[in-house]
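Notes follow the structure.
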Amino acid sequence: MLDWRIRAGRDFDWPQLQVLAEGAVEEAISREGSMTLRRPGMPLPEDLWPPRSGYVAFRPVDGGLVGFVAVQFFEPTPHHSGRHADISLIVVAAEARGQGIGTALLQYAVEGAKRWGAATVKLDVDEGNLAARKLYERAGFATISRLMGLQLLEPQQEPRTR
Ligand SMILES: CC(C)(COP(=O)(O)OP(=O)(O)OC[C@H]1O[C@@H](n2cnc3c(N)ncnc32)[C@H](O)[C@@H]1OP(=O)(O)O)[C@@H](O)C(=O)NCCC(=O)NCCS
């Protein structure tokens, strides 16, 4: 079992987060094919990582990151009556999965959103991502909308994206 801890995110975590996020994008593409909204080489937008509202899981032995959760906070808008939070990304390194790190990161994110005064926390998840869906459902998340897609070209007919 891996020894791991969780701490608040910092600016200097950014390069390691990019690597973890890119791995997750590649996985989404191989799992969902062209129906995923993610694209190869898609950079992690910097506004997804306001460091003070994210958490990282790290190995105490060398400080290396094994996971992170990024949370964004939003003031009320005409479409949202209360403050709300979005979990924009949660990733655990493949070799560190199944040890409760994802569950712990999600708990930190939800607690952070509560402390900030969010009335709701939302996230989106690919239908085929069973591990992530299980994680969220166990934490009490319920489906509130469904994004549907229709495959028009066979994947091999699609123009290459790079
Ligand atoms: C989703 C993710 C963050 C979970 O992280 P984790 O550290 O493995 O999570 P935990 O160990 O806390 O719990 C994982 C649970 O999912 C289960 N699980 C793992 N793989 C699974 C699969 N393919 N199908 C169904 N359940 C699965 C585990 O068994 C565990 O449940 P259990 O405790 O009842 O056995 C991780 O799989 C990941 O980073 N995936 C790639 C990135 C991603 O898809 N992020 C979500 C984007 S919405």
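The chains in the structure tokens are called A, B, ... from first to last as shown; in each chain the residues are counted from 1, and the ligands are counted from 1 in the order shown.
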Helix (DSSP H, G or I) per DSSP on the backbone: members of chain A, as a PyMOL selection string: chain A and resi 11-35+46-48+51-53+94-96+101-116+130-138+155-157
Sorted per-residue table, chain A near ligand 1, closest atoms and distance, 7 Å, only C-alpha atoms and all ligand atoms, as JSON lines:
```
{"residue": "A:Ala24", "atom": "CA", "partner": "ligand 1", "partner_atom_place_in_ligand_line": "42 (C)", "distance": 4.6}
{"residue": "A:Glu27", "atom": "CA", "partner": "ligand 1", "partner_atom_place_in_ligand_line": "41 (C)", "distance": 6.8}
{"residue": "A:Ala28", "atom": "CA", "partner": "ligand 1", "partner_atom_place_in_ligand_line": "44 (O)", "distance": 6.7}
{"residue": "A:Leu89", "atom": "CA", "partner": "ligand 1", "partner_atom_place_in_ligand_line": "47 (C)", "distance": 5.8}
{"residue": "A:Ile90", "atom": "CA", "partner": "ligand 1", "partner_atom_place_in_ligand_line": "45 (N)", "distance": 5.0}
{"residue": "A:Val91", "atom": "CA", "partner": "ligand 1", "partner_atom_place_in_ligand_line": "39 (O)", "distance": 3.5}
{"residue": "A:Val92", "atom": "CA", "partner": "ligand 1", "partner_atom_place_in_ligand_line": "39 (O)", "distance": 3.7}
{"residue": "A:Ala93", "atom": "CA", "partner": "ligand 1", "partner_atom_place_in_ligand_line": "39 (O)", "distance": 6.0}
{"residue": "A:Ala94", "atom": "CA", "partner": "ligand 1", "partner_atom_place_in_ligand_line": "39 (O)", "distance": 6.7}
{"residue": "A:Ala96", "atom": "CA", "partner": "ligand 1", "partner_atom_place_in_ligand_line": "7 (O)", "distance": 6.4}
{"residue": "A:Arg97", "atom": "CA", "partner": "ligand 1", "partner_atom_place_in_ligand_line": "8 (O)", "distance": 3.4}
{"residue": "A:Gly98", "atom": "CA", "partner": "ligand 1", "partner_atom_place_in_ligand_line": "11 (O)", "distance": 3.2}
{"residue": "A:Gln99", "atom": "CA", "partner": "ligand 1", "partner_atom_place_in_ligand_line": "11 (O)", "distance": 4.1}
{"residue": "A:Gly100", "atom": "CA", "partner": "ligand 1", "partner_atom_place_in_ligand_line": "12 (O)", "distance": 3.2}
{"residue": "A:Ile101", "atom": "CA", "partner": "ligand 1", "partner_atom_place_in_ligand_line": "7 (O)", "distance": 4.0}
{"residue": "A:Gly102", "atom": "CA", "partner": "ligand 1", "partner_atom_place_in_ligand_line": "7 (O)", "distance": 3.6}
{"residue": "A:Thr103", "atom": "CA", "partner": "ligand 1", "partner_atom_place_in_ligand_line": "12 (O)", "distance": 3.7}
{"residue": "A:Ala104", "atom": "CA", "partner": "ligand 1", "partner_atom_place_in_ligand_line": "12 (O)", "distance": 6.5}
{"residue": "A:Asp124", "atom": "CA", "partner": "ligand 1", "partner_atom_place_in_ligand_line": "48 (S)", "distance": 5.8}
{"residue": "A:Val125", "atom": "CA", "partner": "ligand 1", "partner_atom_place_in_ligand_line": "48 (S)", "distance": 4.0}
{"residue": "A:Asp126", "atom": "CA", "partner": "ligand 1", "partner_atom_place_in_ligand_line": "48 (S)", "distance": 6.4}
{"residue": "A:Asn129", "atom": "CA", "partner": "ligand 1", "partner_atom_place_in_ligand_line": "44 (O)", "distance": 6.2}
{"residue": "A:Leu130", "atom": "CA", "partner": "ligand 1", "partner_atom_place_in_ligand_line": "24 (N)", "distance": 4.5}
{"residue": "A:Ala131", "atom": "CA", "partner": "ligand 1", "partner_atom_place_in_ligand_line": "27 (C)", "distance": 3.7}
{"residue": "A:Ala132", "atom": "CA", "partner": "ligand 1", "partner_atom_place_in_ligand_line": "1 (C)", "distance": 3.7}
{"residue": "A:Lys134", "atom": "CA", "partner": "ligand 1", "partner_atom_place_in_ligand_line": "16 (O)", "distance": 5.7}
{"residue": "A:Leu135", "atom": "CA", "partner": "ligand 1", "partner_atom_place_in_ligand_line": "15 (C)", "distance": 5.4}
```
Please provide as an MDAnalysis selection string all residues within 12 Å of Leu106 of chain A, with the sequence filter that same-chain residues fewer than 2 positions apart are discarded (counting only C-alpha atoms). chainID A and resid 6 54:57 67:71 86:92 100:104 108:113 121:123 132 135:141
Atom CA of Gly117 of chain A to atom CA of Arg83 of chain A, distance in Å rounded to a single decimal: 6.7 Å
Extract, using only C-alpha atoms, all DNA, RNA and protein residues at most 7 Å from Phe58 of chain A, discarding same-chain residues fewer than 2 positions from it, and format them as an NGL selection string. :A and (4-6 or 56 or 60 or 63-66)
Write out as JSON, numbers by chain the set of residues from segment 7-143 of chain A that DSSP, computed on the backbone, places in strand (DSSP E). {"A": [7, 8, 54, 55, 56, 57, 58, 65, 66, 67, 68, 69, 70, 71, 72, 73, 74, 84, 85, 86, 87, 88, 89, 90, 91, 92, 120, 121, 122]}
